Amino acid sequence: MSEAMEQQIFEALRSVKDPDRGQDIVSLNMVSGLAVKDGHVAFAIEVDPQRGARMEPVRKEAEQVVHALPGILSATVVLTAEREDAGPAAPRTAPGQDASMLPGVKAIVAVASGKGGVGKSTTAVNLALALSAGGHTVGLLDADIYGPSMPRMLGISGEPTSSDGQTLDPMENHGIKCMSMGFLVEEETPIIWRGPMVQSALQQMMRDVNWGELDVMVVDMPPGTGDAQLTMAQQVPLTGAVIVSTPQDIALADARKGLNMFRKVDVPVFGIVENMSYFVCPHCGERTEIFSHGGAREEAALLATGFLGEVPLDVEIRETSDGGHPIVASKPDSPHAKAYLAIAEAVWDRITQAQGKAQAAAPRIVMQ
C-alpha cells in the first residue's frame, strides 16, 4: 500500500463524523487495520461496545466515502468494540443456556471440517433445511468470512435491512433465517482482513442481528483449525459440533484435527458425516467408491464419537445447492434428501441429550 493512497483514504475519512463526539473518525483515532490490495480496501472503526448498533450509519458512510475514491474497486468496513474492563475471560455458557450474544437461540451447532473442499457448506445448508423440515425453527450463520457461500446456496440476494434502526434483520428463504458476509460485500470482492477484524465481524453477525427465537442455529464454520475457528469455539456457547469429511485418509487426518480442537475447548462433538461417500452411475446404476468408503465410520469408532451418516457424491446435490434450491428443499422425497433428514434427526437427538445434561447439572433449590 502506497503512502499516497493511505493518505488519500484518511483524508476522505475526515469527512465522516462521530455523531456523539462531534469530531471526525480520523481525528478521534477510530480507524484501524487499514489494508489495501489491488484496489480493494478494508478497515475497522473502533467504537464503544454500548454504541455498536448506533454507529452503523457511520460505518456505511465511511464505506461509501472510500469506495467513491479514484482507483478503489471495493471498500469493506466493520465496527469493532473493545471492552474497557477486559478482565479474565468469562467461562463458556453451558449447552442449552441462553447467551447474551444470542438470547433467543436455544441451541447452536457448528458444522466444521479440518480442510476445505469436503462439502462442509453443502452439508450445513441441507442440515439446516432438514432440521426445519422436522418442525424446528432454524437459523443459519455463515461464519466462513473469507468464502461465504450461503447467499448462493439459499438463493438469496440483496442487502439486509433494519426494522428498528439498531439491528439488522436476517435474510430468509426456504423457511431459514440467514446472515452472511456475502450479503454485505459483493460476491467478487475478496476479504483481506486480519484475525481481529474477522472476529469482530462474526460477533456483529450474532450480536447485531435480530435472530428472534430459534430452536437451533446452524453455524457454517470456516474450514481448518485457525484463529477464527478457535475464537468461535471459545466465545460462542456451542451446544455441539458436526465434523464433515470425505472417506480418504488425508481428509480423515484433517477431520481428526478439527474434532480434537473442539474437544480441547470442551465443545461436545456430535459425530462425523461422511460426504462424497460413494458414487452411483445414473445410467447403469453401478456403484463406485471414488474416495474409498467407510473411513469416517471407522474414524468415528476410533475416536469414540458418533457416526451420523453418509451422503453420496451426486451431481444433483451439487446442482441444487449451486442453484439456490438445496436438495432437501427442492426434492425432499429423494434418497439424498432422506440421508440429510436422517442426519438431522440424529443431530437433534444429541441436542436434546446435551440440553438434558445441562439441566440435570443445574443445582436444585428446595423450599422448606
# chains A, B, ... in the order shown; residues from 1 in each chain; ligands from 1
>>> residues_around(residues="A:Ile343", least_positions_apart="4", cutoff="10 Å", atoms="only C-alpha atoms", output="ChimeraX atom specification")
/A:123,126-127,130-131,271-273,307-311,337-339,347-349
>>> write_last_selection(atoms="N, CA and C atoms", output="short mmCIF file (atom, residue, chain, number, x, y, z; two decimals), in the first residue's frame")
data_model
loop_
_atom_site.label_atom_id
_atom_site.label_comp_id
_atom_site.auth_asym_id
_atom_site.auth_seq_id
_atom_site.Cartn_x
_atom_site.Cartn_y
_atom_site.Cartn_z
N THR A 123 -23.31 -29.55 3.34
CA THR A 123 -23.85 -30.30 4.48
C THR A 123 -24.57 -29.37 5.44
N ASN A 126 -28.04 -28.14 4.00
CA ASN A 126 -29.03 -29.22 3.96
C ASN A 126 -29.39 -29.71 5.36
N LEU A 127 -28.44 -29.66 6.29
CA LEU A 127 -28.75 -30.00 7.68
C LEU A 127 -29.74 -28.99 8.25
N ALA A 130 -33.10 -29.66 6.80
CA ALA A 130 -33.65 -30.90 7.33
C ALA A 130 -34.17 -30.70 8.75
N LEU A 131 -33.45 -29.92 9.55
CA LEU A 131 -33.95 -29.61 10.90
C LEU A 131 -35.24 -28.81 10.82
N GLY A 271 -20.65 -35.95 16.19
CA GLY A 271 -20.27 -37.05 15.33
C GLY A 271 -19.73 -36.58 14.00
N ILE A 272 -19.46 -37.55 13.14
CA ILE A 272 -18.85 -37.31 11.82
C ILE A 272 -19.84 -37.68 10.73
N VAL A 273 -19.88 -36.85 9.69
CA VAL A 273 -20.64 -37.14 8.47
C VAL A 273 -19.64 -37.50 7.37
N PHE A 307 -21.15 -41.70 14.55
CA PHE A 307 -21.17 -41.64 13.08
C PHE A 307 -22.58 -41.25 12.68
N LEU A 308 -22.72 -40.08 12.07
CA LEU A 308 -24.04 -39.50 11.83
C LEU A 308 -24.67 -39.93 10.51
N GLY A 309 -23.86 -40.42 9.58
CA GLY A 309 -24.43 -40.86 8.32
C GLY A 309 -23.52 -40.58 7.15
N GLU A 310 -23.91 -41.09 5.99
CA GLU A 310 -23.11 -40.90 4.78
C GLU A 310 -23.98 -40.32 3.67
N VAL A 311 -23.35 -39.48 2.86
CA VAL A 311 -24.03 -38.82 1.75
C VAL A 311 -23.24 -39.11 0.49
N ALA A 337 -31.99 -36.51 -0.10
CA ALA A 337 -32.63 -35.68 0.92
C ALA A 337 -32.91 -36.50 2.18
N LYS A 338 -33.31 -37.74 1.99
CA LYS A 338 -33.60 -38.60 3.15
C LYS A 338 -32.34 -38.88 3.96
N ALA A 339 -31.19 -38.91 3.30
CA ALA A 339 -29.93 -39.09 4.03
C ALA A 339 -29.68 -37.90 4.94
N VAL A 347 -28.76 -35.53 14.84
CA VAL A 347 -28.23 -34.31 15.46
C VAL A 347 -29.21 -33.77 16.48
N TRP A 348 -30.50 -33.76 16.16
CA TRP A 348 -31.48 -33.25 17.10
C TRP A 348 -31.53 -34.10 18.37
N ASP A 349 -31.39 -35.42 18.22
CA ASP A 349 -31.34 -36.29 19.40
C ASP A 349 -30.19 -35.90 20.31
#
>>> closest_atom_pairs(of="stretch 205-268 of chain A", to="stretch 177-181 of chain A", cutoff="10 Å", atoms="only C-alpha atoms", output="JSON lines")
{"residue": "A:Met205", "atom": "CA", "partner": "A:Met179", "partner_atom": "CA", "distance": 6.6}
{"residue": "A:Met206", "atom": "CA", "partner": "A:Met179", "partner_atom": "CA", "distance": 8.6}
{"residue": "A:Val209", "atom": "CA", "partner": "A:Met179", "partner_atom": "CA", "distance": 8.0}
{"residue": "A:Asn210", "atom": "CA", "partner": "A:Lys177", "partner_atom": "CA", "distance": 9.9}
{"residue": "A:Trp211", "atom": "CA", "partner": "A:Lys177", "partner_atom": "CA", "distance": 7.4}
{"residue": "A:Gly212", "atom": "CA", "partner": "A:Lys177", "partner_atom": "CA", "distance": 9.5}
{"residue": "A:Leu214", "atom": "CA", "partner": "A:Lys177", "partner_atom": "CA", "distance": 9.3}
{"residue": "A:Met217", "atom": "CA", "partner": "A:Lys177", "partner_atom": "CA", "distance": 9.1}
{"residue": "A:Val218", "atom": "CA", "partner": "A:Cys178", "partner_atom": "CA", "distance": 9.6}
{"residue": "A:Val219", "atom": "CA", "partner": "A:Cys178", "partner_atom": "CA", "distance": 9.9}
{"residue": "A:Asp220", "atom": "CA", "partner": "A:Ser180", "partner_atom": "CA", "distance": 9.8}
>>> select_by_dssp(residues="stretch 41-283 of chain A", states="alpha helix (DSSP H)", output="VMD selection string")
chain A and resid 56 to 67 120 to 133 150 to 153 195 to 207 227 to 235 249 to 264
>>> atom_distance(atom1="atom CA of A:Met153", atom2="atom CA of A:Val125")
7.4 Å
>>> residues_around(residues="stretch 50-65 of chain A", least_positions_apart="2", cutoff="8 Å", atoms="only C-alpha atoms", output="VMD selection string")
chain A and resid 12 to 13 16 to 18 45 47 to 48 67 to 69 75 to 81 166 to 167 208
>>> select_by_dssp(residues="stretch 286-353 of chain A", states="strand (DSSP E or B)", output="PyMOL selection string")
chain A and resi 287-288+290+292+307-310
>>> write_last_selection(atoms="N, CA and C atoms", output="PDB file, in the first residue's frame")
ATOM      1  N   ARG A 287     -22.147 -48.828  -8.655  1.00  0.00           N
ATOM      2  CA  ARG A 287     -21.625 -48.037  -7.533  1.00  0.00           C
ATOM      3  C   ARG A 287     -20.100 -48.047  -7.554  1.00  0.00           C
ATOM      4  N   THR A 288     -19.510 -46.846  -7.456  1.00  0.00           N
ATOM      5  CA  THR A 288     -18.058 -46.701  -7.424  1.00  0.00           C
ATOM      6  C   THR A 288     -17.674 -45.906  -6.188  1.00  0.00           C
ATOM      7  N   ILE A 290     -15.238 -43.718  -5.133  1.00  0.00           N
ATOM      8  CA  ILE A 290     -14.173 -42.894  -5.712  1.00  0.00           C
ATOM      9  C   ILE A 290     -13.135 -42.516  -4.663  1.00  0.00           C
ATOM     10  N   SER A 292     -12.676 -44.024  -1.705  1.00  0.00           N
ATOM     11  CA  SER A 292     -12.765 -45.087  -0.721  1.00  0.00           C
ATOM     12  C   SER A 292     -14.147 -45.003  -0.066  1.00  0.00           C
ATOM     13  N   PHE A 307     -21.148 -41.698  14.550  1.00  0.00           N
ATOM     14  CA  PHE A 307     -21.169 -41.637  13.083  1.00  0.00           C
ATOM     15  C   PHE A 307     -22.582 -41.247  12.683  1.00  0.00           C
ATOM     16  N   LEU A 308     -22.719 -40.077  12.065  1.00  0.00           N
ATOM     17  CA  LEU A 308     -24.041 -39.500  11.828  1.00  0.00           C
ATOM     18  C   LEU A 308     -24.671 -39.932  10.512  1.00  0.00           C
ATOM     19  N   GLY A 309     -23.865 -40.422   9.579  1.00  0.00           N
ATOM     20  CA  GLY A 309     -24.432 -40.863   8.319  1.00  0.00           C
ATOM     21  C   GLY A 309     -23.520 -40.583   7.147  1.00  0.00           C
ATOM     22  N   GLU A 310     -23.908 -41.092   5.988  1.00  0.00           N
ATOM     23  CA  GLU A 310     -23.112 -40.903   4.780  1.00  0.00           C
ATOM     24  C   GLU A 310     -23.976 -40.324   3.668  1.00  0.00           C
TER      25      GLU A 310
END
>>> decode(residues="stretch 215-305 of chain A", atoms="C-alpha atoms", output="PDB file, in the first residue's frame")
ATOM      1  CA  ASP A 215     -34.742 -23.769  18.300  1.00  0.00           C
ATOM      2  CA  VAL A 216     -31.343 -24.195  16.708  1.00  0.00           C
ATOM      3  CA  MET A 217     -28.755 -22.140  14.871  1.00  0.00           C
ATOM      4  CA  VAL A 218     -26.507 -23.988  12.434  1.00  0.00           C
ATOM      5  CA  VAL A 219     -23.101 -22.334  12.032  1.00  0.00           C
ATOM      6  CA  ASP A 220     -21.192 -22.980   8.814  1.00  0.00           C
ATOM      7  CA  MET A 221     -17.667 -22.734  10.220  1.00  0.00           C
ATOM      8  CA  PRO A 222     -14.575 -21.755   8.203  1.00  0.00           C
ATOM      9  CA  PRO A 223     -12.531 -24.785   7.103  1.00  0.00           C
ATOM     10  CA  GLY A 224      -9.455 -25.726   9.101  1.00  0.00           C
ATOM     11  CA  THR A 225      -8.429 -25.068  12.695  1.00  0.00           C
ATOM     12  CA  GLY A 226      -7.140 -21.494  12.678  1.00  0.00           C
ATOM     13  CA  ASP A 227      -7.758 -18.425  14.819  1.00  0.00           C
ATOM     14  CA  ALA A 228     -11.284 -17.757  13.550  1.00  0.00           C
ATOM     15  CA  GLN A 229     -12.383 -21.315  14.303  1.00  0.00           C
ATOM     16  CA  LEU A 230     -10.868 -21.239  17.772  1.00  0.00           C
ATOM     17  CA  THR A 231     -12.494 -17.886  18.515  1.00  0.00           C
ATOM     18  CA  MET A 232     -15.928 -19.218  17.555  1.00  0.00           C
ATOM     19  CA  ALA A 233     -15.417 -22.346  19.636  1.00  0.00           C
ATOM     20  CA  GLN A 234     -14.322 -20.369  22.701  1.00  0.00           C
ATOM     21  CA  GLN A 235     -16.649 -17.342  22.557  1.00  0.00           C
ATOM     22  CA  VAL A 236     -19.888 -18.832  21.244  1.00  0.00           C
ATOM     23  CA  PRO A 237     -21.919 -21.140  23.522  1.00  0.00           C
ATOM     24  CA  LEU A 238     -21.857 -24.072  21.131  1.00  0.00           C
ATOM     25  CA  THR A 239     -24.176 -26.942  22.035  1.00  0.00           C
ATOM     26  CA  GLY A 240     -22.156 -29.283  19.857  1.00  0.00           C
ATOM     27  CA  ALA A 241     -20.233 -29.764  16.631  1.00  0.00           C
ATOM     28  CA  VAL A 242     -20.640 -31.861  13.499  1.00  0.00           C
ATOM     29  CA  ILE A 243     -17.480 -32.810  11.603  1.00  0.00           C
ATOM     30  CA  VAL A 244     -17.688 -33.291   7.822  1.00  0.00           C
ATOM     31  CA  SER A 245     -15.115 -35.420   5.996  1.00  0.00           C
ATOM     32  CA  THR A 246     -14.659 -37.449   2.850  1.00  0.00           C
ATOM     33  CA  PRO A 247     -13.601 -41.098   3.251  1.00  0.00           C
ATOM     34  CA  GLN A 248      -9.924 -40.948   2.222  1.00  0.00           C
ATOM     35  CA  ASP A 249      -7.092 -40.952   4.744  1.00  0.00           C
ATOM     36  CA  ILE A 250      -5.817 -37.404   4.121  1.00  0.00           C
ATOM     37  CA  ALA A 251      -9.251 -35.876   4.717  1.00  0.00           C
ATOM     38  CA  LEU A 252      -9.792 -38.000   7.814  1.00  0.00           C
ATOM     39  CA  ALA A 253      -6.463 -36.858   9.258  1.00  0.00           C
ATOM     40  CA  ASP A 254      -7.623 -33.241   8.964  1.00  0.00           C
ATOM     41  CA  ALA A 255     -11.062 -34.128  10.345  1.00  0.00           C
ATOM     42  CA  ARG A 256      -9.315 -35.591  13.379  1.00  0.00           C
ATOM     43  CA  LYS A 257      -7.604 -32.236  13.988  1.00  0.00           C
ATOM     44  CA  GLY A 258     -10.931 -30.421  13.823  1.00  0.00           C
ATOM     45  CA  LEU A 259     -12.536 -32.865  16.226  1.00  0.00           C
ATOM     46  CA  ASN A 260      -9.679 -32.561  18.713  1.00  0.00           C
ATOM     47  CA  MET A 261      -9.866 -28.756  18.576  1.00  0.00           C
ATOM     48  CA  PHE A 262     -13.479 -28.846  19.768  1.00  0.00           C
ATOM     49  CA  ARG A 263     -12.667 -31.342  22.479  1.00  0.00           C
ATOM     50  CA  LYS A 264      -9.865 -29.138  23.794  1.00  0.00           C
ATOM     51  CA  VAL A 265     -12.307 -26.259  24.318  1.00  0.00           C
ATOM     52  CA  ASP A 266     -14.961 -28.540  25.869  1.00  0.00           C
ATOM     53  CA  VAL A 267     -17.408 -28.473  22.968  1.00  0.00           C
ATOM     54  CA  PRO A 268     -19.209 -31.820  22.555  1.00  0.00           C
ATOM     55  CA  VAL A 269     -18.671 -33.440  19.159  1.00  0.00           C
ATOM     56  CA  PHE A 270     -21.945 -34.948  17.995  1.00  0.00           C
ATOM     57  CA  GLY A 271     -20.273 -37.050  15.327  1.00  0.00           C
ATOM     58  CA  ILE A 272     -18.850 -37.310  11.825  1.00  0.00           C
ATOM     59  CA  VAL A 273     -20.636 -37.142   8.472  1.00  0.00           C
ATOM     60  CA  GLU A 274     -19.023 -38.983   5.567  1.00  0.00           C
ATOM     61  CA  ASN A 275     -19.647 -36.830   2.490  1.00  0.00           C
ATOM     62  CA  MET A 276     -18.964 -37.987  -1.096  1.00  0.00           C
ATOM     63  CA  SER A 277     -19.157 -41.471   0.375  1.00  0.00           C
ATOM     64  CA  TYR A 278     -19.754 -43.247  -2.943  1.00  0.00           C
ATOM     65  CA  PHE A 279     -20.951 -42.600  -6.487  1.00  0.00           C
ATOM     66  CA  VAL A 280     -23.810 -44.362  -8.250  1.00  0.00           C
ATOM     67  CA  CYS A 281     -23.792 -44.065 -12.041  1.00  0.00           C
ATOM     68  CA  PRO A 282     -27.121 -42.527 -13.138  1.00  0.00           C
ATOM     69  CA  HIS A 283     -27.023 -44.574 -16.373  1.00  0.00           C
ATOM     70  CA  CYS A 284     -26.025 -48.092 -15.357  1.00  0.00           C
ATOM     71  CA  GLY A 285     -26.554 -47.977 -11.597  1.00  0.00           C
ATOM     72  CA  GLU A 286     -23.036 -49.218 -10.857  1.00  0.00           C
ATOM     73  CA  ARG A 287     -21.625 -48.037  -7.533  1.00  0.00           C
ATOM     74  CA  THR A 288     -18.058 -46.701  -7.424  1.00  0.00           C
ATOM     75  CA  GLU A 289     -16.257 -45.720  -4.233  1.00  0.00           C
ATOM     76  CA  ILE A 290     -14.173 -42.894  -5.712  1.00  0.00           C
ATOM     77  CA  PHE A 291     -12.678 -41.687  -2.430  1.00  0.00           C
ATOM     78  CA  SER A 292     -12.765 -45.087  -0.721  1.00  0.00           C
ATOM     79  CA  HIS A 293     -15.682 -45.761   1.620  1.00  0.00           C
ATOM     80  CA  GLY A 294     -16.365 -46.257   5.307  1.00  0.00           C
ATOM     81  CA  GLY A 295     -13.327 -44.367   6.523  1.00  0.00           C
ATOM     82  CA  ALA A 296     -15.388 -41.863   8.510  1.00  0.00           C
ATOM     83  CA  ARG A 297     -17.329 -44.631  10.261  1.00  0.00           C
ATOM     84  CA  GLU A 298     -14.067 -46.317  11.248  1.00  0.00           C
ATOM     85  CA  GLU A 299     -12.571 -42.997  12.353  1.00  0.00           C
ATOM     86  CA  ALA A 300     -15.625 -42.260  14.490  1.00  0.00           C
ATOM     87  CA  ALA A 301     -15.229 -45.602  16.228  1.00  0.00           C
ATOM     88  CA  LEU A 302     -11.514 -44.995  16.844  1.00  0.00           C
ATOM     89  CA  LEU A 303     -12.202 -41.530  18.279  1.00  0.00           C
ATOM     90  CA  ALA A 304     -15.160 -42.689  20.373  1.00  0.00           C
ATOM     91  CA  THR A 305     -17.603 -40.317  18.707  1.00  0.00           C
TER      92      THR A 305
END
